[in-house]
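Undergrad: Here you go, this is run38.pdb (PDB, C-alpha atoms).
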```pdb
ATOM      1  CA  MET A   1    -329.012 -42.102 234.214
ATOM      2  CA  ARG A   2    -331.844 -40.633 232.174
ATOM      3  CA  VAL A   3    -331.805 -36.904 231.403
ATOM      4  CA  LEU A   4    -334.938 -35.494 229.822
ATOM      5  CA  GLY A   5    -334.073 -32.762 227.333
ATOM      6  CA  ILE A   6    -336.718 -30.113 226.734
ATOM      7  CA  SER A   7    -336.370 -27.482 224.030
ATOM      8  CA  GLY A   8    -338.518 -24.426 224.620
ATOM      9  CA  SER A   9    -338.737 -23.860 220.886
ATOM     10  CA  LEU A  10    -341.411 -25.621 218.870
ATOM     11  CA  ARG A  11    -339.521 -25.118 215.591
ATOM     12  CA  GLY A  12    -338.110 -28.263 213.982
ATOM     13  CA  GLY A  13    -334.784 -26.598 213.130
ATOM     14  CA  SER A  14    -334.460 -24.997 216.541
ATOM     15  CA  HIS A  15    -331.056 -23.832 217.739
ATOM     16  CA  ASN A  16    -332.057 -24.999 221.198
ATOM     17  CA  LEU A  17    -332.736 -28.492 219.921
ATOM     18  CA  ARG A  18    -329.235 -28.394 218.425
ATOM     19  CA  LEU A  19    -327.924 -27.293 221.817
ATOM     20  CA  LEU A  20    -329.629 -30.256 223.517
ATOM     21  CA  ARG A  21    -328.057 -32.595 220.989
ATOM     22  CA  ALA A  22    -324.639 -31.042 221.613
ATOM     23  CA  ALA A  23    -325.218 -31.745 225.310
ATOM     24  CA  ALA A  24    -326.222 -35.344 224.598
ATOM     25  CA  ALA A  25    -322.916 -35.901 222.825
ATOM     26  CA  LEU A  26    -321.041 -34.823 225.973
ATOM     27  CA  LEU A  27    -322.783 -37.239 228.325
ATOM     28  CA  PRO A  28    -320.862 -40.322 229.457
ATOM     29  CA  PRO A  29    -322.027 -43.763 228.268
ATOM     30  CA  GLU A  30    -323.919 -44.453 231.500
ATOM     31  CA  ALA A  31    -326.164 -41.429 230.881
ATOM     32  CA  GLU A  32    -328.618 -40.783 228.079
ATOM     33  CA  LEU A  33    -330.473 -37.668 226.989
ATOM     34  CA  VAL A  34    -334.018 -38.332 225.846
ATOM     35  CA  GLU A  35    -335.641 -35.497 223.906
ATOM     36  CA  PHE A  36    -339.182 -34.516 224.849
ATOM     37  CA  SER A  37    -340.793 -33.669 221.520
ATOM     38  CA  GLU A  38    -344.459 -33.211 222.455
ATOM     39  CA  LEU A  39    -344.413 -29.695 223.918
ATOM     40  CA  LYS A  40    -346.692 -28.405 221.152
ATOM     41  CA  ALA A  41    -349.409 -30.938 222.066
ATOM     42  CA  ILE A  42    -349.821 -29.767 225.672
ATOM     43  CA  PRO A  43    -353.001 -27.688 226.019
ATOM     44  CA  ALA A  44    -353.135 -24.391 227.864
ATOM     45  CA  PHE A  45    -353.182 -24.867 231.628
ATOM     46  CA  ASP A  46    -356.715 -24.662 232.994
ATOM     47  CA  GLU A  47    -357.412 -25.406 236.637
ATOM     48  CA  ASP A  48    -360.831 -26.751 235.605
ATOM     49  CA  ASP A  49    -359.039 -29.554 233.733
ATOM     50  CA  GLU A  50    -356.746 -30.586 236.598
ATOM     51  CA  SER A  51    -358.913 -33.479 237.715
ATOM     52  CA  ALA A  52    -358.917 -34.993 234.209
ATOM     53  CA  PRO A  53    -355.895 -33.680 232.291
ATOM     54  CA  ALA A  54    -355.379 -34.369 228.598
ATOM     55  CA  LEU A  55    -353.355 -37.419 227.582
ATOM     56  CA  SER A  56    -350.530 -35.142 226.407
ATOM     57  CA  VAL A  57    -350.327 -33.634 229.908
ATOM     58  CA  MET A  58    -350.207 -37.088 231.485
ATOM     59  CA  ARG A  59    -347.409 -38.120 229.074
ATOM     60  CA  TRP A  60    -345.490 -34.923 229.897
ATOM     61  CA  ARG A  61    -345.790 -35.473 233.652
ATOM     62  CA  GLU A  62    -344.777 -39.124 233.274
ATOM     63  CA  SER A  63    -341.748 -38.162 231.177
ATOM     64  CA  VAL A  64    -340.653 -35.737 233.910
ATOM     65  CA  ARG A  65    -341.232 -38.331 236.657
ATOM     66  CA  ASN A  66    -339.279 -41.026 234.767
ATOM     67  CA  ALA A  67    -336.244 -38.788 234.311
ATOM     68  CA  ASP A  68    -333.424 -38.605 236.816
ATOM     69  CA  ALA A  69    -332.792 -34.998 235.790
ATOM     70  CA  LEU A  70    -334.059 -32.380 233.349
ATOM     71  CA  LEU A  71    -332.135 -30.192 230.926
ATOM     72  CA  PHE A  72    -334.054 -27.241 229.491
ATOM     73  CA  ALA A  73    -332.775 -25.323 226.466
ATOM     74  CA  THR A  74    -334.706 -22.131 225.963
ATOM     75  CA  PRO A  75    -334.850 -19.420 223.366
ATOM     76  CA  GLU A  76    -335.784 -15.896 224.406
ATOM     77  CA  TYR A  77    -339.091 -14.443 223.251
ATOM     78  CA  ASN A  78    -339.798 -10.834 224.227
ATOM     79  CA  SER A  79    -337.149 -10.969 226.969
ATOM     80  CA  SER A  80    -338.706 -14.052 228.574
ATOM     81  CA  ILE A  81    -339.469 -17.736 228.076
ATOM     82  CA  PRO A  82    -341.782 -19.112 225.380
ATOM     83  CA  GLY A  83    -345.408 -19.472 226.433
ATOM     84  CA  ALA A  84    -345.567 -23.179 225.554
ATOM     85  CA  LEU A  85    -342.668 -23.882 227.906
ATOM     86  CA  LYS A  86    -344.190 -21.887 230.777
ATOM     87  CA  ASN A  87    -347.463 -23.704 230.201
ATOM     88  CA  ALA A  88    -345.795 -27.133 230.439
ATOM     89  CA  ILE A  89    -344.099 -26.110 233.686
ATOM     90  CA  ASP A  90    -347.460 -25.050 235.108
ATOM     91  CA  TRP A  91    -348.895 -28.490 234.338
ATOM     92  CA  ALA A  92    -345.862 -30.279 235.835
ATOM     93  CA  SER A  93    -346.064 -28.193 239.014
ATOM     94  CA  ARG A  94    -349.571 -29.312 239.940
ATOM     95  CA  PRO A  95    -350.811 -30.617 242.295
ATOM     96  CA  ALA A  96    -348.012 -29.260 244.483
ATOM     97  CA  ALA A  97    -347.765 -32.227 246.878
ATOM     98  CA  THR A  98    -347.200 -34.768 244.102
ATOM     99  CA  ALA A  99    -345.922 -32.516 241.322
ATOM    100  CA  ALA A 100    -343.657 -34.150 238.749
ATOM    101  CA  LEU A 101    -341.169 -31.273 239.130
ATOM    102  CA  ARG A 102    -340.983 -31.519 242.921
ATOM    103  CA  ASN A 103    -337.296 -31.905 243.950
ATOM    104  CA  LYS A 104    -336.288 -32.807 240.388
ATOM    105  CA  PRO A 105    -332.694 -31.758 239.529
ATOM    106  CA  VAL A 106    -332.813 -29.266 236.662
ATOM    107  CA  ALA A 107    -330.344 -27.268 234.561
ATOM    108  CA  VAL A 108    -331.151 -24.467 232.143
ATOM    109  CA  ILE A 109    -329.190 -23.492 229.044
ATOM    110  CA  GLY A 110    -330.172 -21.407 226.051
ATOM    111  CA  ALA A 111    -329.394 -20.237 222.562
ATOM    112  CA  SER A 112    -330.604 -17.260 220.582
ATOM    113  CA  THR A 113    -329.762 -15.518 217.364
ATOM    114  CA  GLY A 114    -328.971 -12.350 219.319
ATOM    115  CA  MET A 115    -325.649 -11.736 220.999
ATOM    116  CA  PHE A 116    -326.804 -12.394 224.578
ATOM    117  CA  GLY A 117    -327.736 -16.069 224.219
ATOM    118  CA  ALA A 118    -331.142 -15.976 225.929
ATOM    119  CA  VAL A 119    -329.695 -14.808 229.264
ATOM    120  CA  TRP A 120    -332.948 -13.209 230.429
ATOM    121  CA  ALA A 121    -335.009 -16.222 229.415
ATOM    122  CA  GLN A 122    -332.642 -18.531 231.281
ATOM    123  CA  ALA A 123    -332.984 -16.420 234.442
ATOM    124  CA  GLU A 124    -336.784 -16.367 234.114
ATOM    125  CA  LEU A 125    -336.895 -20.117 233.526
ATOM    126  CA  ARG A 126    -334.706 -20.871 236.549
ATOM    127  CA  LYS A 127    -336.969 -18.682 238.693
ATOM    128  CA  THR A 128    -340.135 -20.353 237.385
ATOM    129  CA  LEU A 129    -338.748 -23.869 237.868
ATOM    130  CA  ALA A 130    -337.599 -23.079 241.420
ATOM    131  CA  ALA A 131    -341.043 -21.704 242.259
ATOM    132  CA  ALA A 132    -342.506 -24.949 240.859
ATOM    133  CA  GLY A 133    -340.431 -26.985 243.337
ATOM    134  CA  ALA A 134    -337.527 -28.156 241.175
ATOM    135  CA  ARG A 135    -333.909 -28.192 242.413
ATOM    136  CA  VAL A 136    -332.415 -25.793 239.902
ATOM    137  CA  LEU A 137    -328.691 -25.408 239.277
ATOM    138  CA  ASP A 138    -327.556 -21.806 239.565
ATOM    139  CA  ARG A 139    -325.708 -21.972 236.235
ATOM    140  CA  GLU A 140    -326.371 -20.753 232.731
ATOM    141  CA  LEU A 141    -324.952 -21.256 229.285
ATOM    142  CA  PRO A 142    -325.703 -18.374 226.927
ATOM    143  CA  VAL A 143    -325.110 -19.310 223.306
ATOM    144  CA  GLY A 144    -325.452 -16.144 221.241
ATOM    145  CA  ASP A 145    -325.337 -15.832 217.454
ATOM    146  CA  ALA A 146    -326.769 -19.350 217.419
ATOM    147  CA  ALA A 147    -326.874 -19.573 213.630
ATOM    148  CA  ASN A 148    -323.056 -19.617 213.684
ATOM    149  CA  ALA A 149    -322.472 -21.287 217.063
ATOM    150  CA  PHE A 150    -322.433 -24.905 215.880
ATOM    151  CA  ASN A 151    -320.004 -26.905 213.775
ATOM    152  CA  PRO A 152    -321.396 -29.018 210.901
ATOM    153  CA  ASP A 153    -321.248 -32.088 213.202
ATOM    154  CA  GLY A 154    -323.522 -30.357 215.749
ATOM    155  CA  THR A 155    -320.862 -29.574 218.338
ATOM    156  CA  LEU A 156    -320.401 -26.081 219.685
ATOM    157  CA  VAL A 157    -317.781 -23.946 217.938
ATOM    158  CA  GLU A 158    -316.563 -22.154 221.080
ATOM    159  CA  HIS A 159    -314.330 -24.357 223.227
ATOM    160  CA  ASP A 160    -315.241 -22.400 226.383
ATOM    161  CA  GLN A 161    -318.913 -23.163 225.757
ATOM    162  CA  VAL A 162    -318.133 -26.871 225.349
ATOM    163  CA  LEU A 163    -316.288 -26.836 228.679
ATOM    164  CA  ALA A 164    -319.089 -24.921 230.417
ATOM    165  CA  LEU A 165    -321.725 -27.292 229.035
ATOM    166  CA  GLY A 166    -319.701 -30.283 230.232
ATOM    167  CA  GLU A 167    -319.444 -28.755 233.714
ATOM    168  CA  ILE A 168    -323.197 -28.105 233.833
ATOM    169  CA  LEU A 169    -323.910 -31.694 232.807
ATOM    170  CA  ALA A 170    -321.494 -33.052 235.429
ATOM    171  CA  GLU A 171    -323.136 -30.938 238.125
ATOM    172  CA  LEU A 172    -326.600 -32.041 236.987
ATOM    173  CA  ARG A 173    -325.575 -35.717 237.082
ATOM    174  CA  ALA A 174    -324.098 -35.227 240.576
ATOM    175  CA  GLU A 175    -327.361 -33.656 241.790
ATOM    176  CA  ALA A 176    -329.362 -36.531 240.321
ATOM    177  CA  ALA A 177    -327.052 -39.103 241.927
ATOM    178  CA  ALA A 178    -327.354 -37.343 245.300
ATOM    179  CA  ARG A 179    -331.149 -37.399 244.995
ATOM    180  CA  VAL A 180    -331.097 -41.130 244.303
ATOM    181  CA  ALA A 181    -328.731 -41.742 247.224
ATOM    182  CA  ALA A 182    -331.021 -39.806 249.585
TER     183      ALA A 182
END
```
Mind turning the file's structure into structure tokens?
TA:
Amino acid sequence: MRVLGISGSLRGGSHNLRLLRAAAALLPPEAELVEFSELKAIPAFDEDDESAPALSVMRWRESVRNADALLFATPEYNSSIPGALKNAIDWASRPAATAALRNKPVAVIGASTGMFGAVWAQAELRKTLAAAGARVLDRELPVGDAANAFNPDGTLVEHDQVLALGEILAELRAEAAARVAA
């Protein structure tokens, strides 16, 4: 099973990238998390460009299509999701009938340096993904105080967060398997 991991942060040392890597370590051997690292290259959505999208948009859509499931890790910017992430979702939601996100199993998690762990951004992202046609898990994983939330080996410090992340991943894999079976 192939899970595409998307960090909403463009920063190389992103806490959300660390969170995706902590998730990857919890996946069973028959599943792999592949990081999407080209978010920054996706141009602003413009309906005039839909008929001939940029190569980066085509690679993004293909990455989404080739994944069995998606795992988004988002920071919170101004009580919402980062613009680059929203932009990528807009591209993957069009055209609606053949959209890469259509019926794709998706989970959303998030980390922030604040104490709330990107809770609002996670809610906004789940809403946006559902509107785009994805099958979104109604779960969240808020990782607050992200600068201190990870052990030196990249695992999460809080045992409850490790358990919750494992449960989210199991549910996401089950949704992906059900989609394949259907």
Undergrad: Write out as a list in words the residues lying within 9 Å of Ala84 of chain A, counting only C-alpha atoms and excluding same-chain residues fewer than 4 positions away.
TA: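 Result of the neighbour search: Gly8, Ser9, Leu10, Leu39, Lys40, Ile42, Pro43, Ala44, Ala88 and Ile89 of chain A.
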Undergrad: Between A:Met1, A:Ala170, A:Val143, A:Ala52, which is the closest to Gly114 of chain A once you count all atoms listed in the file?
TA: A:Val143
Undergrad: Can you pull out the residues contacting Glu32 of chain A? Cut-off 7 Å, using all atoms listed in the file, and skip same-chain residues under 3 positions away; I want them as a PyMOL selection string.
TA: chain A and resi 1-3+24+27
Undergrad: One number please: atom CA of Asn87 of chain A to atom CA of Leu165 of chain A, in Å, one decimal.
TA: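 Those two atoms sit 26.0 Å apart.
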Undergrad: Determine the residue membership of the PyMOL selection byres ((chain A and resi 75-82) around 10) for the file above and supply it as JSON, numbers by chain.
TA: {"A": [7, 8, 9, 10, 14, 15, 16, 17, 72, 73, 74, 83, 84, 85, 86, 87, 109, 110, 111, 112, 113, 114, 116, 117, 118, 119, 120, 121, 122, 123, 124, 125, 128, 142, 143]}
Undergrad: Between A:Ala174, A:Ala96, A:Leu163, A:Leu4, which is the closest to Arg65 of chain A once you count only C-alpha atoms?
TA: A:Leu4
Undergrad: Of the candidates A:Met115, A:Ala69, A:Ala149, A:Ala92, which shows the shortest atom-to-atom distance to Val136 of chain A, using all atoms listed in the file?
TA: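 Among the listed residues, A:Ala69 lies closest to Val136 of chain A.
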Undergrad: Report the residues retrieved by the PyMOL selection byres ((chain A and resi 107) around 9) from the displayed file, expressed as a PyMOL selection string.
TA: chain A and resi 69-73+105-106+108-109+126+135-140+168-169+171-172
Undergrad: Next, the residues of the selection above should be written as a PDB file, keeping the file's coordinate frame with C-alpha atoms.
TA:
```
ATOM      1  CA  ALA A  69    -332.792 -34.998 235.790  1.00  0.00           C
ATOM      2  CA  LEU A  70    -334.059 -32.380 233.349  1.00  0.00           C
ATOM      3  CA  LEU A  71    -332.135 -30.192 230.926  1.00  0.00           C
ATOM      4  CA  PHE A  72    -334.054 -27.241 229.491  1.00  0.00           C
ATOM      5  CA  ALA A  73    -332.775 -25.323 226.466  1.00  0.00           C
ATOM      6  CA  PRO A 105    -332.694 -31.758 239.529  1.00  0.00           C
ATOM      7  CA  VAL A 106    -332.813 -29.266 236.662  1.00  0.00           C
ATOM      8  CA  VAL A 108    -331.151 -24.467 232.143  1.00  0.00           C
ATOM      9  CA  ILE A 109    -329.190 -23.492 229.044  1.00  0.00           C
ATOM     10  CA  ARG A 126    -334.706 -20.871 236.549  1.00  0.00           C
ATOM     11  CA  ARG A 135    -333.909 -28.192 242.413  1.00  0.00           C
ATOM     12  CA  VAL A 136    -332.415 -25.793 239.902  1.00  0.00           C
ATOM     13  CA  LEU A 137    -328.691 -25.408 239.277  1.00  0.00           C
ATOM     14  CA  ASP A 138    -327.556 -21.806 239.565  1.00  0.00           C
ATOM     15  CA  ARG A 139    -325.708 -21.972 236.235  1.00  0.00           C
ATOM     16  CA  GLU A 140    -326.371 -20.753 232.731  1.00  0.00           C
ATOM     17  CA  ILE A 168    -323.197 -28.105 233.833  1.00  0.00           C
ATOM     18  CA  LEU A 169    -323.910 -31.694 232.807  1.00  0.00           C
ATOM     19  CA  GLU A 171    -323.136 -30.938 238.125  1.00  0.00           C
ATOM     20  CA  LEU A 172    -326.600 -32.041 236.987  1.00  0.00           C
TER      21      LEU A 172
END
```
Undergrad: Let me know the centre plus edge lengths, in Å and rounded to one decimal, of a box with edges along x, y and z that contains all listed atoms of segment 42-47 of chain A and is padded by 4 Å on every side, as lines of an AutoDock Vina configuration file.
TA:
```
center_x = -353.6
center_y = -27.1
center_z = 231.2
size_x = 15.6
size_y = 13.4
size_z = 19.0
```
Undergrad: Between A:Ala131, A:Ala67, A:Ala99, A:Met58, which one has atoms that come closest to Ala177 of chain A, using only C-alpha atoms?
TA: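 Among the listed residues, A:Ala67 lies closest to Ala177 of chain A.
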Undergrad: Counting all atoms listed in the file, figure out which residue out of A:Leu129, A:Ala134, A:Val180, A:Leu26 gets nearest to Lys104 of chain A.
TA: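 Nearest candidate to Lys104 of chain A out of A:Leu129, A:Ala134, A:Val180, A:Leu26: A:Ala134.
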Undergrad: Of the candidates A:Leu19, A:Ala182, A:Ala132, A:Asn103, which shows the shortest atom-to-atom distance to Gly144 of chain A, using all atoms listed in the file?
TA: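 Nearest to Gly144 of chain A: A:Leu19.
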Undergrad: What is the atom CA of Glu50 of chain A to atom CA of Arg94 of chain A distance in Å?
TA: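 Interatomic distance, atom CA of Glu50 of chain A to atom CA of Arg94 of chain A: 8.0 Å.
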Undergrad: Go ahead and compute the interatomic distance for atom CA of Thr155 of chain A and atom CA of Ser37 of chain A, in Å to one decimal.
TA: 20.6 Å
Undergrad: Could you tell me which residues the PyMOL selection byres ((chain A and resi 157) around 12) grabs in this file, written as a short mmCIF file (atom, residue, chain, number, x, y, z; two decimals) with C-alpha atoms, in the coordinates of the input?
TA:
```cif
data_model
loop_
_atom_site.label_atom_id
_atom_site.label_comp_id
_atom_site.auth_asym_id
_atom_site.auth_seq_id
_atom_site.Cartn_x
_atom_site.Cartn_y
_atom_site.Cartn_z
CA LEU A 19 -327.92 -27.29 221.82
CA ALA A 22 -324.64 -31.04 221.61
CA VAL A 143 -325.11 -19.31 223.31
CA GLY A 144 -325.45 -16.14 221.24
CA ASP A 145 -325.34 -15.83 217.45
CA ALA A 146 -326.77 -19.35 217.42
CA ALA A 147 -326.87 -19.57 213.63
CA ASN A 148 -323.06 -19.62 213.68
CA ALA A 149 -322.47 -21.29 217.06
CA PHE A 150 -322.43 -24.90 215.88
CA ASN A 151 -320.00 -26.90 213.78
CA PRO A 152 -321.40 -29.02 210.90
CA ASP A 153 -321.25 -32.09 213.20
CA GLY A 154 -323.52 -30.36 215.75
CA THR A 155 -320.86 -29.57 218.34
CA LEU A 156 -320.40 -26.08 219.68
CA GLU A 158 -316.56 -22.15 221.08
CA HIS A 159 -314.33 -24.36 223.23
CA ASP A 160 -315.24 -22.40 226.38
CA GLN A 161 -318.91 -23.16 225.76
CA VAL A 162 -318.13 -26.87 225.35
CA LEU A 163 -316.29 -26.84 228.68
#
```
